[in-house]
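Have a look at entry39.csv; it's CSV, C-alpha atoms:
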```csv
chain,number,residue,atom,x,y,z
A,91,MET,CA,52.1,32.9,106.1
A,92,GLU,CA,49.6,35.3,104.3
A,93,TYR,CA,52.6,37.7,104.1
A,94,VAL,CA,54.4,35.4,101.6
A,95,PRO,CA,52.0,35.8,98.6
A,96,ALA,CA,51.5,39.6,99.4
A,97,LEU,CA,55.3,40.2,99.4
A,98,ALA,CA,55.8,37.9,96.4
A,99,ARG,CA,53.2,39.8,94.4
A,100,TRP,CA,55.0,43.1,95.3
A,101,LEU,CA,58.4,41.7,94.2
A,102,HIS,CA,56.8,40.1,91.1
A,103,PHE,CA,55.4,43.5,90.1
A,104,MET,CA,58.7,45.4,90.8
A,105,ALA,CA,60.9,42.9,89.0
A,106,GLY,CA,58.4,42.5,86.2
A,107,VAL,CA,58.2,46.3,85.6
A,108,MET,CA,62.0,46.3,85.3
A,109,TRP,CA,62.1,43.3,83.0
A,110,ILE,CA,59.4,44.3,80.6
A,111,GLY,CA,60.4,47.9,80.9
A,112,LEU,CA,63.9,47.1,79.7
A,113,LEU,CA,62.5,44.7,77.0
A,114,TYR,CA,60.4,47.6,75.7
A,115,TYR,CA,63.4,49.9,75.9
A,116,PHE,CA,65.4,47.5,73.7
A,117,ASN,CA,62.6,47.1,71.2
A,118,PHE,CA,61.0,50.5,71.1
A,119,VAL,CA,64.2,52.6,71.6
A,120,GLN,CA,67.6,50.9,71.4
A,121,VAL,CA,67.1,49.0,68.1
A,122,ASP,CA,66.4,52.2,66.1
A,123,ALA,CA,68.8,54.3,68.2
A,124,LEU,CA,71.6,51.9,67.4
A,125,LYS,CA,71.0,52.1,63.7
A,126,ALA,CA,71.1,55.9,63.9
A,127,ALA,CA,74.2,55.8,66.1
A,128,GLN,CA,76.0,53.4,63.7
A,129,ALA,CA,75.4,55.9,60.9
A,130,ASP,CA,77.1,58.8,62.8
A,131,GLY,CA,79.8,56.7,64.5
A,132,THR,CA,78.5,57.0,68.0
A,133,ALA,CA,77.3,53.4,68.5
A,134,ALA,CA,80.1,52.6,71.0
A,135,GLY,CA,78.3,54.8,73.5
A,136,ILE,CA,75.4,52.5,73.5
A,137,THR,CA,77.2,49.1,73.0
A,138,LYS,CA,79.9,49.8,75.6
A,139,HIS,CA,78.1,51.8,78.2
A,140,VAL,CA,74.3,51.3,78.0
A,141,ALA,CA,73.6,47.8,76.6
A,142,PRO,CA,75.7,45.8,79.1
A,143,ARG,CA,74.2,47.6,82.0
A,144,ALA,CA,70.6,47.3,80.6
A,145,LEU,CA,71.2,43.6,79.9
A,146,PHE,CA,72.5,43.0,83.4
A,147,TYR,CA,69.3,44.3,85.0
A,148,PHE,CA,67.2,42.7,82.2
A,149,ARG,CA,68.3,39.1,82.7
A,150,TRP,CA,68.4,39.2,86.5
A,151,SER,CA,65.0,40.9,86.9
A,152,ALA,CA,63.6,38.3,84.5
A,153,LEU,CA,64.7,35.6,86.9
A,154,VAL,CA,63.5,37.4,90.0
A,155,THR,CA,60.1,38.0,88.3
A,156,TRP,CA,59.7,34.3,87.5
A,157,LEU,CA,60.8,33.2,91.0
A,158,ALA,CA,58.5,35.7,92.7
A,159,GLY,CA,55.7,34.6,90.4
A,160,ALA,CA,56.3,30.9,91.4
A,161,ALA,CA,56.2,31.9,95.1
A,162,LEU,CA,53.0,33.8,94.4
A,163,LEU,CA,51.4,30.8,92.9
A,164,GLY,CA,52.5,28.8,95.9
A,165,GLY,CA,50.4,25.6,96.3
A,166,ASN,CA,48.6,26.4,93.0
A,167,PHE,CA,51.8,26.2,91.0
A,168,PHE,CA,51.1,22.8,89.4
A,169,GLN,CA,47.4,23.7,88.9
A,170,ALA,CA,48.4,26.8,86.9
A,171,PHE,CA,51.1,25.1,84.8
A,172,GLY,CA,48.8,22.1,84.3
A,173,LEU,CA,46.1,24.6,83.0
A,174,ARG,CA,43.6,23.0,85.4
A,175,GLY,CA,40.1,24.7,85.5
A,176,VAL,CA,40.1,28.4,86.3
A,177,TYR,CA,43.9,28.2,86.9
A,178,ALA,CA,44.3,27.9,83.1
A,179,ILE,CA,43.9,31.7,82.9
A,180,ILE,CA,46.9,32.6,85.0
A,181,GLY,CA,48.5,29.4,83.7
A,182,VAL,CA,48.7,30.7,80.2
A,183,GLY,CA,50.4,33.8,81.5
A,184,ALA,CA,52.8,31.7,83.5
A,185,TRP,CA,53.7,29.6,80.5
A,186,LEU,CA,54.2,32.6,78.3
A,187,GLY,CA,56.4,34.2,81.1
A,188,THR,CA,58.4,30.9,81.3
A,189,ILE,CA,59.0,30.8,77.6
A,190,MET,CA,60.1,34.4,77.8
A,191,LEU,CA,62.5,33.6,80.6
A,192,PHE,CA,64.0,30.8,78.5
A,193,ASN,CA,64.4,33.2,75.6
A,194,VAL,CA,66.3,35.7,77.8
A,195,TRP,CA,68.8,33.2,79.3
A,196,VAL,CA,69.2,30.8,76.4
A,197,LEU,CA,68.8,32.9,73.3
A,198,ILE,CA,69.2,36.6,74.1
A,199,TRP,CA,72.0,36.8,76.6
A,200,PRO,CA,74.4,34.2,75.1
A,201,ASN,CA,74.0,35.9,71.7
A,202,GLN,CA,74.3,39.4,73.1
A,203,LYS,CA,77.6,38.3,74.7
A,204,LYS,CA,78.9,37.6,71.2
A,205,ILE,CA,77.5,40.8,69.7
A,206,LEU,CA,79.0,43.0,72.5
A,207,GLY,CA,82.4,41.3,72.4
A,208,ILE,CA,82.1,39.8,75.9
A,209,VAL,CA,82.9,36.5,74.3
A,210,GLN,CA,85.0,36.0,71.2
A,211,ALA,CA,83.1,35.5,67.9
A,212,THR,CA,83.8,35.8,64.2
A,213,ASP,CA,81.9,38.4,62.1
A,214,GLU,CA,79.8,35.6,60.7
A,215,GLU,CA,78.9,34.3,64.2
A,216,LYS,CA,78.2,37.9,65.3
A,217,ASN,CA,75.8,38.4,62.4
A,218,LYS,CA,73.9,35.2,63.2
A,219,ALA,CA,73.9,36.1,66.9
A,220,ARG,CA,72.4,39.5,66.0
A,221,ARG,CA,69.5,37.9,64.1
A,222,VAL,CA,68.8,35.3,66.8
A,223,ALA,CA,68.9,37.8,69.7
A,224,PHE,CA,66.7,40.2,67.7
A,225,LEU,CA,64.0,37.7,66.9
A,226,ALA,CA,64.0,36.3,70.4
A,227,SER,CA,63.6,39.8,71.8
A,228,ARG,CA,60.8,40.6,69.3
A,229,THR,CA,59.1,37.3,70.2
A,230,ASN,CA,59.2,38.3,73.9
A,231,THR,CA,57.7,41.7,73.0
A,232,MET,CA,54.9,39.9,71.1
A,233,PHE,CA,54.4,37.4,74.0
A,234,SER,CA,54.3,40.2,76.6
A,235,ILE,CA,51.0,41.3,75.2
A,236,PRO,CA,49.0,38.1,75.9
A,237,MET,CA,51.1,37.4,78.9
A,238,LEU,CA,50.1,40.7,80.6
A,239,PHE,CA,46.5,40.2,79.5
A,240,PHE,CA,46.3,36.8,81.2
A,241,MET,CA,48.0,38.0,84.3
A,242,ALA,CA,45.4,40.8,84.6
A,243,ALA,CA,42.5,38.6,83.5
A,244,GLY,CA,43.1,36.1,86.2
A,245,ALA,CA,41.8,38.7,88.7
A,246,HIS,CA,38.7,39.4,86.6
A,247,ALA,CA,37.8,35.9,85.5
A,248,ALA,CA,34.0,36.5,85.8
A,249,ILE,CA,34.1,39.4,83.3
A,250,PHE,CA,36.4,37.8,80.7
A,251,PHE,CA,35.6,34.2,81.1
A,252,GLY,CA,32.2,34.0,82.8
B,55,MET,CA,56.7,36.8,53.0
B,56,LYS,CA,58.2,39.3,55.3
B,57,ASN,CA,58.6,38.4,59.0
B,58,PRO,CA,56.1,40.5,61.0
B,59,LEU,CA,58.6,40.6,63.9
B,60,ASP,CA,60.9,42.7,61.8
B,61,SER,CA,58.7,45.7,62.4
B,62,LEU,CA,57.4,47.1,65.7
B,63,TRP,CA,53.8,47.4,64.4
B,64,GLY,CA,54.0,43.8,63.1
B,65,THR,CA,55.1,42.6,66.5
B,66,ILE,CA,52.4,44.5,68.3
B,67,ILE,CA,49.6,43.3,65.9
B,68,SER,CA,51.0,39.7,66.2
B,69,GLY,CA,50.8,40.0,70.0
B,70,LEU,CA,47.2,41.3,69.8
B,71,ILE,CA,46.2,38.5,67.4
B,72,LEU,CA,47.9,35.9,69.7
B,73,THR,CA,46.0,37.4,72.6
B,74,LEU,CA,42.7,36.9,70.8
B,75,VAL,CA,43.5,33.4,69.8
B,76,LEU,CA,44.6,32.3,73.3
B,77,TYR,CA,41.7,34.1,74.9
B,78,ASN,CA,39.2,32.2,72.7
B,79,ILE,CA,41.0,28.8,73.3
B,80,VAL,CA,40.9,29.4,77.1
B,81,LYS,CA,37.3,30.6,77.1
B,82,HIS,CA,36.2,27.6,75.1
B,83,PHE,CA,38.2,25.3,77.4
B,84,LEU,CA,36.5,26.9,80.5
B,85,GLY,CA,33.1,26.5,78.8
B,86,GLY,CA,32.4,30.2,78.9
```

Give the structure from the file, written as structure tokens.
Amino acid sequence: MEYVPALARWLHFMAGVMWIGLLYYFNFVQVDALKAAQADGTAAGITKHVAPRALFYFRWSALVTWLAGAALLGGNFFQAFGLRGVYAIIGVGAWLGTIMLFNVWVLIWPNQKKILGIVQATDEEKNKARRVAFLASRTNTMFSIPMLFFMAAGAHAAIFFG
Amino acid sequence: MKNPLDSLWGTIISGLILTLVLYNIVKHFLGG
């Protein structure tokens, strides 16, 4: 049974790298690239060919990251989410990751479907969707900083919290 | 007031401040 947390940690890292890597791609690269592409009429290359593929791996890697994290917590799952004792350290990371997963599936993806024309939407709905998806994505980028700190700090509790 | 999340630097600085705030709360909570 010791193999389960070891494999879960590996999967958690791999999926997490893909999730947060794509989150940083959207925020550090695509937002500004899209503005430049719209100015020279080449935005379709991104919105038709890049964004849908990136969003596919983004949302599913987010889910896999969370599930692998839950498997990694195992019997300590409720202690972490209940912020009990020293489990509060990883628990804060787990709560931030959970809010981020919610943002991906409830705020970013449904609004991106409207923006990219996967579902029908009026121009007004698209503009609103653009703002909601953008702010949810930026919120996740902001949350990723303390989330990664608490994930890392859990293994070094004596140094940071001793 | 401008939303700090509208800029990348605003987002990063907000994340660092949030890290400090949460760190101090957890540290206090753990009695460190």

**Study point:** Contact set, chain A to chain B: 6 Å, all atoms listed in the file, as JSON, numbers by chain
**Key:** {"A": [228, 232, 233, 235, 236, 251, 252]}

Practice item. Mind checking which residues fall within 9 Å of segment 200-203 of chain A, counting only C-alpha atoms, ignoring those fewer than 2 positions away in the same chain, and posting them as a PyMOL selection string? Key: chain A and resi 142+145+194-198+205-210+216+218-220+222-223

Review point. So what do you get for atom CA of Leu124 of chain A versus atom CA of Ile136 of chain A, distance-wise?
Key: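 According to the coordinates, atom CA of Leu124 of chain A and atom CA of Ile136 of chain A are separated by 7.2 Å.
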
Could you give me, as a JSON list (two decimals) with C-alpha atoms, keeping the file's coordinate frame, the residues within 12 Å of Leu157 of chain A, counting all atoms listed in the file and dropping anything in the same chain fewer than 3 positions from it?
```json
[["chain", "number", "residue", "atom", "x", "y", "z"],
["A", 95, "PRO", "CA", 52.00, 35.80, 98.60],
["A", 98, "ALA", "CA", 55.80, 37.90, 96.40],
["A", 99, "ARG", "CA", 53.20, 39.80, 94.40],
["A", 101, "LEU", "CA", 58.40, 41.70, 94.20],
["A", 102, "HIS", "CA", 56.80, 40.10, 91.10],
["A", 103, "PHE", "CA", 55.40, 43.50, 90.10],
["A", 105, "ALA", "CA", 60.90, 42.90, 89.00],
["A", 106, "GLY", "CA", 58.40, 42.50, 86.20],
["A", 150, "TRP", "CA", 68.40, 39.20, 86.50],
["A", 151, "SER", "CA", 65.00, 40.90, 86.90],
["A", 152, "ALA", "CA", 63.60, 38.30, 84.50],
["A", 153, "LEU", "CA", 64.70, 35.60, 86.90],
["A", 154, "VAL", "CA", 63.50, 37.40, 90.00],
["A", 160, "ALA", "CA", 56.30, 30.90, 91.40],
["A", 161, "ALA", "CA", 56.20, 31.90, 95.10],
["A", 162, "LEU", "CA", 53.00, 33.80, 94.40],
["A", 163, "LEU", "CA", 51.40, 30.80, 92.90],
["A", 164, "GLY", "CA", 52.50, 28.80, 95.90],
["A", 167, "PHE", "CA", 51.80, 26.20, 91.00],
["A", 184, "ALA", "CA", 52.80, 31.70, 83.50],
["A", 187, "GLY", "CA", 56.40, 34.20, 81.10],
["A", 188, "THR", "CA", 58.40, 30.90, 81.30],
["A", 191, "LEU", "CA", 62.50, 33.60, 80.60]]
```

**Study point:** Between atom CA of Ala123 of chain A and atom CA of Gly135 of chain A - distance in Å to one decimal
**Key:** 10.9 Å

Practice item. Measure the distance from atom CA of Phe118 of chain A to atom CA of Ala158 of chain A in Å and round it to one decimal. Key: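 Going from atom CA of Phe118 of chain A over to atom CA of Ala158 of chain A, I get 26.3 Å.
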
Practice item. Do a neighbour search on Ala242 of chain A at 10 Å with only C-alpha atoms, toss out local chain neighbours closer than 4 positions, and write the hits as a ChimeraX atom specification. Key: /A:179-180,183,236-238,246-247

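Distance check against Leu225 of chain A using only C-alpha atoms: of A:Asn193, A:Tyr177, A:Met104, A:Leu186, the minimum falls on A:Asn193.
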
Review point. With distances taken over all atoms listed in the file, which of A:Trp185, A:Asn230, A:Thr155, A:Lys125 is nearest to Phe168 of chain A?
Key: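 That would be A:Trp185, the residue with the smallest distance to Phe168 of chain A.
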